[in-house]
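Enquirer: Got model_24.cif for you, mmCIF, C-alpha atoms and all ligand atoms; chains and numbers go by the auth columns:
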```cif
data_work
loop_
_atom_site.group_PDB
_atom_site.id
_atom_site.type_symbol
_atom_site.label_atom_id
_atom_site.label_comp_id
_atom_site.label_asym_id
_atom_site.label_seq_id
_atom_site.Cartn_x
_atom_site.Cartn_y
_atom_site.Cartn_z
_atom_site.B_iso_or_equiv
_atom_site.auth_seq_id
_atom_site.auth_asym_id
ATOM 1 C CA MET A 1 -77.285 15.136 21.657 0.00 1478 A
ATOM 2 C CA GLU A 2 -78.547 14.010 25.062 0.00 1479 A
ATOM 3 C CA LYS A 3 -82.225 13.812 25.928 0.00 1480 A
ATOM 4 C CA ILE A 4 -83.734 16.457 28.190 0.00 1481 A
ATOM 5 C CA CYS A 5 -83.636 15.407 31.833 0.00 1482 A
ATOM 6 C CA VAL A 6 -86.771 16.394 33.785 0.00 1483 A
ATOM 7 C CA ALA A 7 -86.820 16.549 37.577 0.00 1484 A
ATOM 8 C CA VAL A 8 -89.584 17.538 39.964 0.00 1485 A
ATOM 9 C CA ARG A 9 -88.789 19.171 43.292 0.00 1486 A
ATOM 10 C CA VAL A 10 -91.342 19.169 46.089 0.00 1487 A
ATOM 11 C CA ARG A 11 -91.135 22.099 48.474 0.00 1488 A
ATOM 12 C CA PRO A 12 -92.580 22.273 52.000 0.00 1489 A
ATOM 13 C CA PRO A 13 -96.019 23.898 52.342 0.00 1490 A
ATOM 14 C CA VAL A 14 -95.724 27.684 52.662 0.00 1491 A
ATOM 15 C CA THR A 15 -99.404 28.591 52.916 0.00 1492 A
ATOM 16 C CA VAL A 16 -102.113 27.181 55.192 0.00 1493 A
ATOM 17 C CA SER A 17 -104.128 25.944 52.196 0.00 1494 A
ATOM 18 C CA GLU A 18 -101.169 23.781 51.077 0.00 1495 A
ATOM 19 C CA ASP A 19 -101.015 21.985 54.408 0.00 1496 A
ATOM 20 C CA ALA A 20 -101.978 18.290 54.167 0.00 1497 A
ATOM 21 C CA THR A 21 -104.107 18.490 57.305 0.00 1498 A
ATOM 22 C CA VAL A 22 -106.110 21.333 55.750 0.00 1499 A
ATOM 23 C CA ASN A 23 -106.593 20.109 52.175 0.00 1500 A
ATOM 24 C CA GLY A 24 -106.810 16.392 53.032 0.00 1501 A
ATOM 25 C CA THR A 25 -104.209 15.213 50.490 0.00 1502 A
ATOM 26 C CA SER A 26 -100.432 15.068 50.244 0.00 1503 A
ATOM 27 C CA TRP A 27 -97.819 14.141 47.631 0.00 1504 A
ATOM 28 C CA LYS A 28 -95.724 11.061 48.334 0.00 1505 A
ATOM 29 C CA VAL A 29 -92.285 10.621 46.758 0.00 1506 A
ATOM 30 C CA GLU A 30 -90.925 7.137 46.058 0.00 1507 A
ATOM 31 C CA GLU A 31 -87.679 7.032 44.080 0.00 1508 A
ATOM 32 C CA ASN A 32 -88.449 8.755 40.753 0.00 1509 A
ATOM 33 C CA ARG A 33 -92.235 8.648 41.186 0.00 1510 A
ATOM 34 C CA ILE A 34 -94.647 11.077 42.811 0.00 1511 A
ATOM 35 C CA SER A 35 -98.287 10.348 43.670 0.00 1512 A
ATOM 36 C CA LEU A 36 -101.163 11.990 45.490 0.00 1513 A
ATOM 37 C CA HIS A 37 -102.466 10.342 48.665 0.00 1514 A
ATOM 38 C CA LYS A 38 -105.417 10.987 50.955 0.00 1515 A
ATOM 39 C CA SER A 39 -104.337 12.114 54.431 0.00 1516 A
ATOM 40 C CA HIS A 40 -105.040 8.639 55.889 0.00 1517 A
ATOM 41 C CA GLY A 41 -102.566 7.195 53.345 0.00 1518 A
ATOM 42 C CA THR A 42 -104.751 5.788 50.548 0.00 1519 A
ATOM 43 C CA PRO A 43 -103.293 6.509 47.088 0.00 1520 A
ATOM 44 C CA ILE A 44 -105.613 8.387 44.723 0.00 1521 A
ATOM 45 C CA SER A 45 -105.779 6.437 41.471 0.00 1522 A
ATOM 46 C CA GLY A 46 -104.510 8.103 38.294 0.00 1523 A
ATOM 47 C CA THR A 47 -102.190 10.496 40.165 0.00 1524 A
ATOM 48 C CA SER A 48 -98.880 8.642 39.997 0.00 1525 A
ATOM 49 C CA TYR A 49 -96.258 10.275 37.739 0.00 1526 A
ATOM 50 C CA ALA A 50 -92.659 9.288 36.923 0.00 1527 A
ATOM 51 C CA PHE A 51 -89.779 11.668 36.047 0.00 1528 A
ATOM 52 C CA ASP A 52 -86.016 11.348 35.642 0.00 1529 A
ATOM 53 C CA HIS A 53 -85.713 12.473 39.273 0.00 1530 A
ATOM 54 C CA VAL A 54 -88.135 13.448 42.007 0.00 1531 A
ATOM 55 C CA PHE A 55 -86.738 15.356 44.990 0.00 1532 A
ATOM 56 C CA ASP A 56 -88.705 15.432 48.219 0.00 1533 A
ATOM 57 C CA GLU A 57 -88.890 18.451 50.496 0.00 1534 A
ATOM 58 C CA SER A 58 -85.794 17.475 52.470 0.00 1535 A
ATOM 59 C CA CYS A 59 -83.628 17.839 49.339 0.00 1536 A
ATOM 60 C CA THR A 60 -80.966 20.579 49.310 0.00 1537 A
ATOM 61 C CA ASN A 61 -79.860 22.834 46.444 0.00 1538 A
ATOM 62 C CA SER A 62 -76.495 21.127 46.718 0.00 1539 A
ATOM 63 C CA ARG A 63 -78.050 17.758 45.842 0.00 1540 A
ATOM 64 C CA VAL A 64 -80.051 19.272 42.956 0.00 1541 A
ATOM 65 C CA TYR A 65 -76.830 20.774 41.629 0.00 1542 A
ATOM 66 C CA GLU A 66 -74.822 17.553 41.959 0.00 1543 A
ATOM 67 C CA LEU A 67 -77.432 15.464 40.164 0.00 1544 A
ATOM 68 C CA LEU A 68 -78.739 17.834 37.501 0.00 1545 A
ATOM 69 C CA THR A 69 -76.194 20.531 36.700 0.00 1546 A
ATOM 70 C CA LYS A 70 -72.632 19.574 37.578 0.00 1547 A
ATOM 71 C CA ASP A 71 -72.079 17.254 34.594 0.00 1548 A
ATOM 72 C CA LEU A 72 -73.614 19.813 32.237 0.00 1549 A
ATOM 73 C CA ILE A 73 -71.213 22.495 33.443 0.00 1550 A
ATOM 74 C CA HIS A 74 -68.241 20.182 33.009 0.00 1551 A
ATOM 75 C CA ALA A 75 -69.417 19.305 29.495 0.00 1552 A
ATOM 76 C CA ALA A 76 -69.845 23.029 28.695 0.00 1553 A
ATOM 77 C CA VAL A 77 -66.208 23.648 29.626 0.00 1554 A
ATOM 78 C CA GLU A 78 -65.336 20.846 27.189 0.00 1555 A
ATOM 79 C CA GLY A 79 -67.208 22.737 24.448 0.00 1556 A
ATOM 80 C CA PHE A 80 -70.748 21.341 24.529 0.00 1557 A
ATOM 81 C CA ASN A 81 -73.909 23.445 24.699 0.00 1558 A
ATOM 82 C CA GLY A 82 -75.997 23.056 27.822 0.00 1559 A
ATOM 83 C CA THR A 83 -79.113 24.577 29.397 0.00 1560 A
ATOM 84 C CA VAL A 84 -80.582 24.344 32.866 0.00 1561 A
ATOM 85 C CA PHE A 85 -83.897 25.975 33.639 0.00 1562 A
ATOM 86 C CA ALA A 86 -86.546 26.010 36.335 0.00 1563 A
ATOM 87 C CA TYR A 87 -90.156 25.854 35.251 0.00 1564 A
ATOM 88 C CA GLY A 88 -93.247 26.096 37.415 0.00 1565 A
ATOM 89 C CA GLN A 89 -96.184 28.141 38.550 0.00 1566 A
ATOM 90 C CA THR A 90 -95.728 31.184 40.741 0.00 1567 A
ATOM 91 C CA SER A 91 -94.378 30.394 44.234 0.00 1568 A
ATOM 92 C CA SER A 92 -93.365 26.843 43.286 0.00 1569 A
ATOM 93 C CA GLY A 93 -89.675 27.374 44.218 0.00 1570 A
ATOM 94 C CA LYS A 94 -87.849 28.463 41.028 0.00 1571 A
ATOM 95 C CA THR A 95 -86.037 31.363 42.717 0.00 1572 A
ATOM 96 C CA PHE A 96 -85.243 29.262 45.796 0.00 1573 A
ATOM 97 C CA THR A 97 -83.640 26.630 43.564 0.00 1574 A
ATOM 98 C CA MET A 98 -81.805 28.878 41.092 0.00 1575 A
ATOM 99 C CA ASN A 99 -80.822 31.831 43.323 0.00 1576 A
ATOM 100 C CA GLY A 100 -80.691 29.962 46.638 0.00 1577 A
ATOM 101 C CA SER A 101 -81.488 30.919 50.192 0.00 1578 A
ATOM 102 C CA GLN A 102 -79.350 32.392 52.961 0.00 1579 A
ATOM 103 C CA ASN A 103 -77.859 29.043 54.011 0.00 1580 A
ATOM 104 C CA ASP A 104 -78.084 27.015 50.807 0.00 1581 A
ATOM 105 C CA ARG A 105 -76.593 28.601 47.676 0.00 1582 A
ATOM 106 C CA GLY A 106 -78.542 28.165 44.485 0.00 1583 A
ATOM 107 C CA ILE A 107 -77.773 26.469 41.191 0.00 1584 A
ATOM 108 C CA ILE A 108 -76.547 29.652 39.452 0.00 1585 A
ATOM 109 C CA HIS A 109 -73.982 30.430 42.156 0.00 1586 A
ATOM 110 C CA ARG A 110 -72.731 26.831 42.211 0.00 1587 A
ATOM 111 C CA ALA A 111 -72.549 26.651 38.414 0.00 1588 A
ATOM 112 C CA VAL A 112 -70.599 29.919 38.109 0.00 1589 A
ATOM 113 C CA LYS A 113 -68.075 28.798 40.753 0.00 1590 A
ATOM 114 C CA ASP A 114 -67.718 25.417 39.079 0.00 1591 A
ATOM 115 C CA VAL A 115 -67.093 26.889 35.601 0.00 1592 A
ATOM 116 C CA PHE A 116 -64.070 28.816 36.860 0.00 1593 A
ATOM 117 C CA ASN A 117 -62.790 25.967 39.078 0.00 1594 A
ATOM 118 C CA LYS A 118 -62.908 23.688 36.070 0.00 1595 A
ATOM 119 C CA ILE A 119 -61.206 26.223 33.784 0.00 1596 A
ATOM 120 C CA HIS A 120 -58.362 26.718 36.266 0.00 1597 A
ATOM 121 C CA MET A 121 -57.663 23.000 36.081 0.00 1598 A
ATOM 122 C CA ILE A 122 -57.142 23.172 32.297 0.00 1599 A
ATOM 123 C CA SER A 123 -53.887 25.045 31.746 0.00 1600 A
ATOM 124 C CA GLU A 124 -53.302 24.047 28.113 0.00 1601 A
ATOM 125 C CA ARG A 125 -56.333 25.926 26.745 0.00 1602 A
ATOM 126 C CA GLU A 126 -57.489 29.511 26.766 0.00 1603 A
ATOM 127 C CA PHE A 127 -61.104 30.389 27.567 0.00 1604 A
ATOM 128 C CA LEU A 128 -63.267 33.406 26.815 0.00 1605 A
ATOM 129 C CA ILE A 129 -66.305 33.664 29.095 0.00 1606 A
ATOM 130 C CA ARG A 130 -69.132 36.044 28.241 0.00 1607 A
ATOM 131 C CA VAL A 131 -72.201 36.618 30.382 0.00 1608 A
ATOM 132 C CA SER A 132 -75.575 38.021 29.481 0.00 1609 A
ATOM 133 C CA TYR A 133 -78.657 38.295 31.647 0.00 1610 A
ATOM 134 C CA MET A 134 -82.157 38.829 30.357 0.00 1611 A
ATOM 135 C CA GLU A 135 -85.703 38.591 31.556 0.00 1612 A
ATOM 136 C CA ILE A 136 -88.584 37.235 29.512 0.00 1613 A
ATOM 137 C CA TYR A 137 -91.841 38.528 30.936 0.00 1614 A
ATOM 138 C CA ASN A 138 -95.194 38.761 29.180 0.00 1615 A
ATOM 139 C CA GLU A 139 -93.433 37.663 25.964 0.00 1616 A
ATOM 140 C CA GLU A 140 -91.086 40.656 26.124 0.00 1617 A
ATOM 141 C CA ILE A 141 -87.313 40.455 26.441 0.00 1618 A
ATOM 142 C CA ILE A 142 -85.511 42.924 28.678 0.00 1619 A
ATOM 143 C CA ASP A 143 -81.709 43.120 28.942 0.00 1620 A
ATOM 144 C CA LEU A 144 -80.956 43.186 32.682 0.00 1621 A
ATOM 145 C CA PHE A 145 -77.427 44.530 32.051 0.00 1622 A
ATOM 146 C CA ALA A 146 -78.701 47.497 30.040 0.00 1623 A
ATOM 147 C CA VAL A 147 -79.320 50.832 31.702 0.00 1624 A
ATOM 148 C CA GLU A 148 -82.511 51.446 29.740 0.00 1625 A
ATOM 149 C CA ASN A 149 -85.388 48.964 29.771 0.00 1626 A
ATOM 150 C CA GLN A 150 -85.473 48.482 26.018 0.00 1627 A
ATOM 151 C CA LYS A 151 -87.411 45.531 24.546 0.00 1628 A
ATOM 152 C CA LEU A 152 -85.183 43.325 22.398 0.00 1629 A
ATOM 153 C CA PRO A 153 -86.154 41.187 19.378 0.00 1630 A
ATOM 154 C CA ILE A 154 -85.384 37.494 18.756 0.00 1631 A
ATOM 155 C CA HIS A 155 -83.703 36.604 15.440 0.00 1632 A
ATOM 156 C CA GLU A 156 -82.482 33.444 13.800 0.00 1633 A
ATOM 157 C CA SER A 157 -79.508 33.104 11.473 0.00 1634 A
ATOM 158 C CA LEU A 158 -77.508 30.242 9.996 0.00 1635 A
ATOM 159 C CA GLU A 159 -74.337 31.242 11.852 0.00 1636 A
ATOM 160 C CA ARG A 160 -75.797 31.992 15.279 0.00 1637 A
ATOM 161 C CA GLY A 161 -79.036 29.963 15.388 0.00 1638 A
ATOM 162 C CA VAL A 162 -81.656 31.650 17.579 0.00 1639 A
ATOM 163 C CA PHE A 163 -80.386 34.801 19.313 0.00 1640 A
ATOM 164 C CA VAL A 164 -81.539 37.984 21.008 0.00 1641 A
ATOM 165 C CA ALA A 165 -80.350 40.950 18.976 0.00 1642 A
ATOM 166 C CA GLY A 166 -78.547 43.678 20.894 0.00 1643 A
ATOM 167 C CA LEU A 167 -78.228 41.702 24.146 0.00 1644 A
ATOM 168 C CA LYS A 168 -75.229 42.928 26.159 0.00 1645 A
ATOM 169 C CA GLU A 169 -72.439 40.402 26.685 0.00 1646 A
ATOM 170 C CA GLU A 170 -69.909 41.136 29.417 0.00 1647 A
ATOM 171 C CA ILE A 171 -66.505 39.479 29.275 0.00 1648 A
ATOM 172 C CA VAL A 172 -65.598 38.048 32.687 0.00 1649 A
ATOM 173 C CA SER A 173 -62.535 36.399 34.201 0.00 1650 A
ATOM 174 C CA ASN A 174 -63.693 35.201 37.615 0.00 1651 A
ATOM 175 C CA SER A 175 -66.818 34.046 39.446 0.00 1652 A
ATOM 176 C CA GLU A 176 -67.003 37.118 41.711 0.00 1653 A
ATOM 177 C CA GLN A 177 -67.344 39.312 38.611 0.00 1654 A
ATOM 178 C CA VAL A 178 -70.248 37.202 37.326 0.00 1655 A
ATOM 179 C CA LEU A 179 -72.075 37.167 40.661 0.00 1656 A
ATOM 180 C CA LYS A 180 -71.640 40.944 41.003 0.00 1657 A
ATOM 181 C CA LEU A 181 -73.009 41.490 37.497 0.00 1658 A
ATOM 182 C CA ILE A 182 -76.039 39.325 38.305 0.00 1659 A
ATOM 183 C CA GLU A 183 -76.656 41.276 41.519 0.00 1660 A
ATOM 184 C CA GLY A 184 -76.474 44.476 39.501 0.00 1661 A
ATOM 185 C CA GLY A 185 -78.931 43.063 36.951 0.00 1662 A
ATOM 186 C CA GLU A 186 -81.391 42.379 39.739 0.00 1663 A
ATOM 187 C CA GLY A 187 -80.953 45.874 41.139 0.00 1664 A
ATOM 188 C CA LEU A 188 -79.382 44.486 44.348 0.00 1665 A
ATOM 189 C CA GLU A 189 -76.070 46.320 44.025 0.00 1666 A
ATOM 190 C CA ALA A 190 -75.019 48.225 47.147 0.00 1667 A
HETATM 191 N N1 LIG B . -87.230 23.654 48.632 0.00 1 B
HETATM 192 C C1 LIG B . -87.715 24.619 49.444 0.00 1 B
HETATM 193 N N2 LIG B . -87.565 24.545 50.779 0.00 1 B
HETATM 194 C C2 LIG B . -88.054 25.507 51.589 0.00 1 B
HETATM 195 N N3 LIG B . -88.739 26.592 51.156 0.00 1 B
HETATM 196 C C3 LIG B . -88.915 26.725 49.834 0.00 1 B
HETATM 197 C C4 LIG B . -88.407 25.761 48.898 0.00 1 B
HETATM 198 N N4 LIG B . -88.740 26.151 47.642 0.00 1 B
HETATM 199 C C5 LIG B . -89.390 27.308 47.787 0.00 1 B
HETATM 200 N N5 LIG B . -89.506 27.666 49.095 0.00 1 B
HETATM 201 C C6 LIG B . -90.187 28.871 49.625 0.00 1 B
HETATM 202 O O1 LIG B . -91.420 28.984 48.901 0.00 1 B
HETATM 203 C C7 LIG B . -91.694 30.345 48.570 0.00 1 B
HETATM 204 C C8 LIG B . -91.860 30.502 47.057 0.00 1 B
HETATM 205 O O2 LIG B . -90.646 30.125 46.400 0.00 1 B
HETATM 206 P P1 LIG B . -89.984 30.974 45.209 0.00 1 B
HETATM 207 O O3 LIG B . -90.025 32.432 45.535 0.00 1 B
HETATM 208 O O4 LIG B . -88.678 30.356 44.940 0.00 1 B
HETATM 209 O O5 LIG B . -91.022 30.684 44.038 0.00 1 B
HETATM 210 P P2 LIG B . -90.943 31.112 42.485 0.00 1 B
HETATM 211 O O6 LIG B . -91.282 29.890 41.710 0.00 1 B
HETATM 212 O O7 LIG B . -89.643 31.771 42.191 0.00 1 B
HETATM 213 O O8 LIG B . -92.132 32.157 42.405 0.00 1 B
HETATM 214 P P3 LIG B . -92.427 33.354 41.316 0.00 1 B
HETATM 215 O O9 LIG B . -92.660 32.701 39.992 0.00 1 B
HETATM 216 O O10 LIG B . -93.687 33.974 41.876 0.00 1 B
HETATM 217 O O11 LIG B . -91.238 34.277 41.364 0.00 1 B
HETATM 218 C C9 LIG B . -90.539 31.158 49.134 0.00 1 B
HETATM 219 O O12 LIG B . -90.936 31.642 50.410 0.00 1 B
HETATM 220 C C10 LIG B . -89.397 30.147 49.290 0.00 1 B
HETATM 221 O O13 LIG B . -88.502 30.501 50.328 0.00 1 B
#
```
Go through the file and emit its structure as structure tokens.
Expert:
Amino acid sequence: MEKICVAVRVRPPVTVSEDATVNGTSWKVEENRISLHKSHGTPISGTSYAFDHVFDESCTNSRVYELLTKDLIHAAVEGFNGTVFAYGQTSSGKTFTMNGSQNDRGIIHRAVKDVFNKIHMISEREFLIRVSYMEIYNEEIIDLFAVENQKLPIHESLERGVFVAGLKEEIVSNSEQVLKLIEGGEGLEA
């Protein structure tokens, strides 16, 4: 089992109050370390933190994918379990990173494409890909593929480990199918 890799991504200011000239401080990124500085450049003591990676605001989703997700996807195709998740307060950039923006596709899109590219390169094995999509909000689980918004329970068993009972699993054979299902789950279907 590999250790959990933790990366921090800094996004550009999106509100006036986040602007360094307004609040008098800014975060400085140096390699895998991030620290708070006064606007004239003096570091504020006790605010320097190290992570596996720190991405500054010029970083693209493509770079995040290459460094944090690509190897996990390749290992998953080889039969290992893997998880990638974005964590952060509201408006910190989770959706931007995972779902992407108009000109920079997100981690989910890149991962889905990569799974199928990888599978197509392995002709001697057969794969079965199943997709589910759920939302956890206010400690409640909603199946985003289900027509009705029914709350689902979490169970644990020896065979399956921790699982969400009754969660829909769609069998898919290409990336377009997965991306269409996700769009549908988000209510974005045309
Ligand atoms: N790396 C980035 N570069 C440029 N803009 C960004 C970046 N990350 C986030 N943003 C912008 O910041 C705003 C908030 O980001 P986002 O919606 O992704 O936050 P979130 O964490 O998903 O929020 P919530 O939890 O409220 O859904 C959006 O306008 C988004 O376009």
Enquirer: When the PyMOL selection byres (((not hetatm)) within 12 of (chain B and resi 1)) is applied to the structure above, which residues does it catch, written out as a ChimeraX atom specification?
Expert: /A:1485-1492,1495,1532-1541,1562-1583,1614
Enquirer: Near stretch 1497-1510 of chain A, within 8 Å and counting all atoms listed in the file, which residues show up once chain neighbours fewer than 6 positions away are dropped, as a ChimeraX atom specification?
Expert: /A:1516,1525-1533
Enquirer: Since we have the selection now, will you write its residues out, keeping C-alpha atoms, as a PDB file, in the coordinates of the input?
Expert:
```
ATOM      1  CA  SER A1516    -104.337  12.114  54.431  1.00  0.00           C
ATOM      2  CA  SER A1525     -98.880   8.642  39.997  1.00  0.00           C
ATOM      3  CA  TYR A1526     -96.258  10.275  37.739  1.00  0.00           C
ATOM      4  CA  ALA A1527     -92.659   9.288  36.923  1.00  0.00           C
ATOM      5  CA  PHE A1528     -89.779  11.668  36.047  1.00  0.00           C
ATOM      6  CA  ASP A1529     -86.016  11.348  35.642  1.00  0.00           C
ATOM      7  CA  HIS A1530     -85.713  12.473  39.273  1.00  0.00           C
ATOM      8  CA  VAL A1531     -88.135  13.448  42.007  1.00  0.00           C
ATOM      9  CA  PHE A1532     -86.738  15.356  44.990  1.00  0.00           C
ATOM     10  CA  ASP A1533     -88.705  15.432  48.219  1.00  0.00           C
TER      11      ASP A1533
END
```
Enquirer: Write out as a PyMOL selection string the residues lying within 12 Å of stretch 1587-1591 of chain A, counting only C-alpha atoms and excluding same-chain residues fewer than 3 positions away.
Expert: chain A and resi 1538-1543+1545-1554+1559-1561+1574-1577+1581-1584+1594-1598+1606-1608+1649-1659
Enquirer: Give me the residues within 7 Å of A:Lys1645 as a ChimeraX atom specification, counting all atoms listed in the file and dropping any in the same chain fewer than 5 places off.
Expert: /A:1609,1622-1623
Enquirer: Generate the output file for the selected residues, C-alpha atoms, as a PDB file, in the frame of the given file.
Expert:
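Below is the file result-v2.pdb, written as the result:
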```pdb
ATOM      1  CA  SER A1609     -75.575  38.021  29.481  1.00  0.00           C
ATOM      2  CA  PHE A1622     -77.427  44.530  32.051  1.00  0.00           C
ATOM      3  CA  ALA A1623     -78.701  47.497  30.040  1.00  0.00           C
TER       4      ALA A1623
END
```
Enquirer: Which residues, named as in the file, does the PyMOL selection byres (((chain A and resi 1628-1644) around 6) and not hetatm) pick out? Answer as a list in words.
Expert: Ile1618, Ile1619, Gln1627 and Lys1645 of chain A
Enquirer: For each of A:Leu1605, A:Ile1521, A:His1586, A:Asn1626, take the minimum atom-to-atom distance to A:Gly1556, counting all atoms listed in the file, then give the residue where this is smallest.
Expert: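 Of the candidates, the smallest distance to A:Gly1556 is held by A:Leu1605.
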Enquirer: What's the separation between atom CA of A:Phe1593 and atom CA of A:Phe1557, in Å to one decimal place?
Expert: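 Going from atom CA of A:Phe1593 over to atom CA of A:Phe1557 covers 15.9 Å.
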Enquirer: Which value, in Å to one decimal, gives the distance between atom CA of A:Asp1620 and atom CA of A:Val1483?
Expert: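 Between atom CA of A:Asp1620 and atom CA of A:Val1483 the gap is 27.6 Å.
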Enquirer: Distance atom CA of A:Ser1522-atom CA of A:Val1493, one decimal place?
Expert: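 According to the coordinates, atom CA of A:Ser1522 and atom CA of A:Val1493 are separated by 25.1 Å.
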Enquirer: Which residue is closest to A:Val1592? Choose from A:Thr1519, A:Phe1604, A:Glu1663, A:Ile1481 and count only C-alpha atoms.
Expert: A:Phe1604
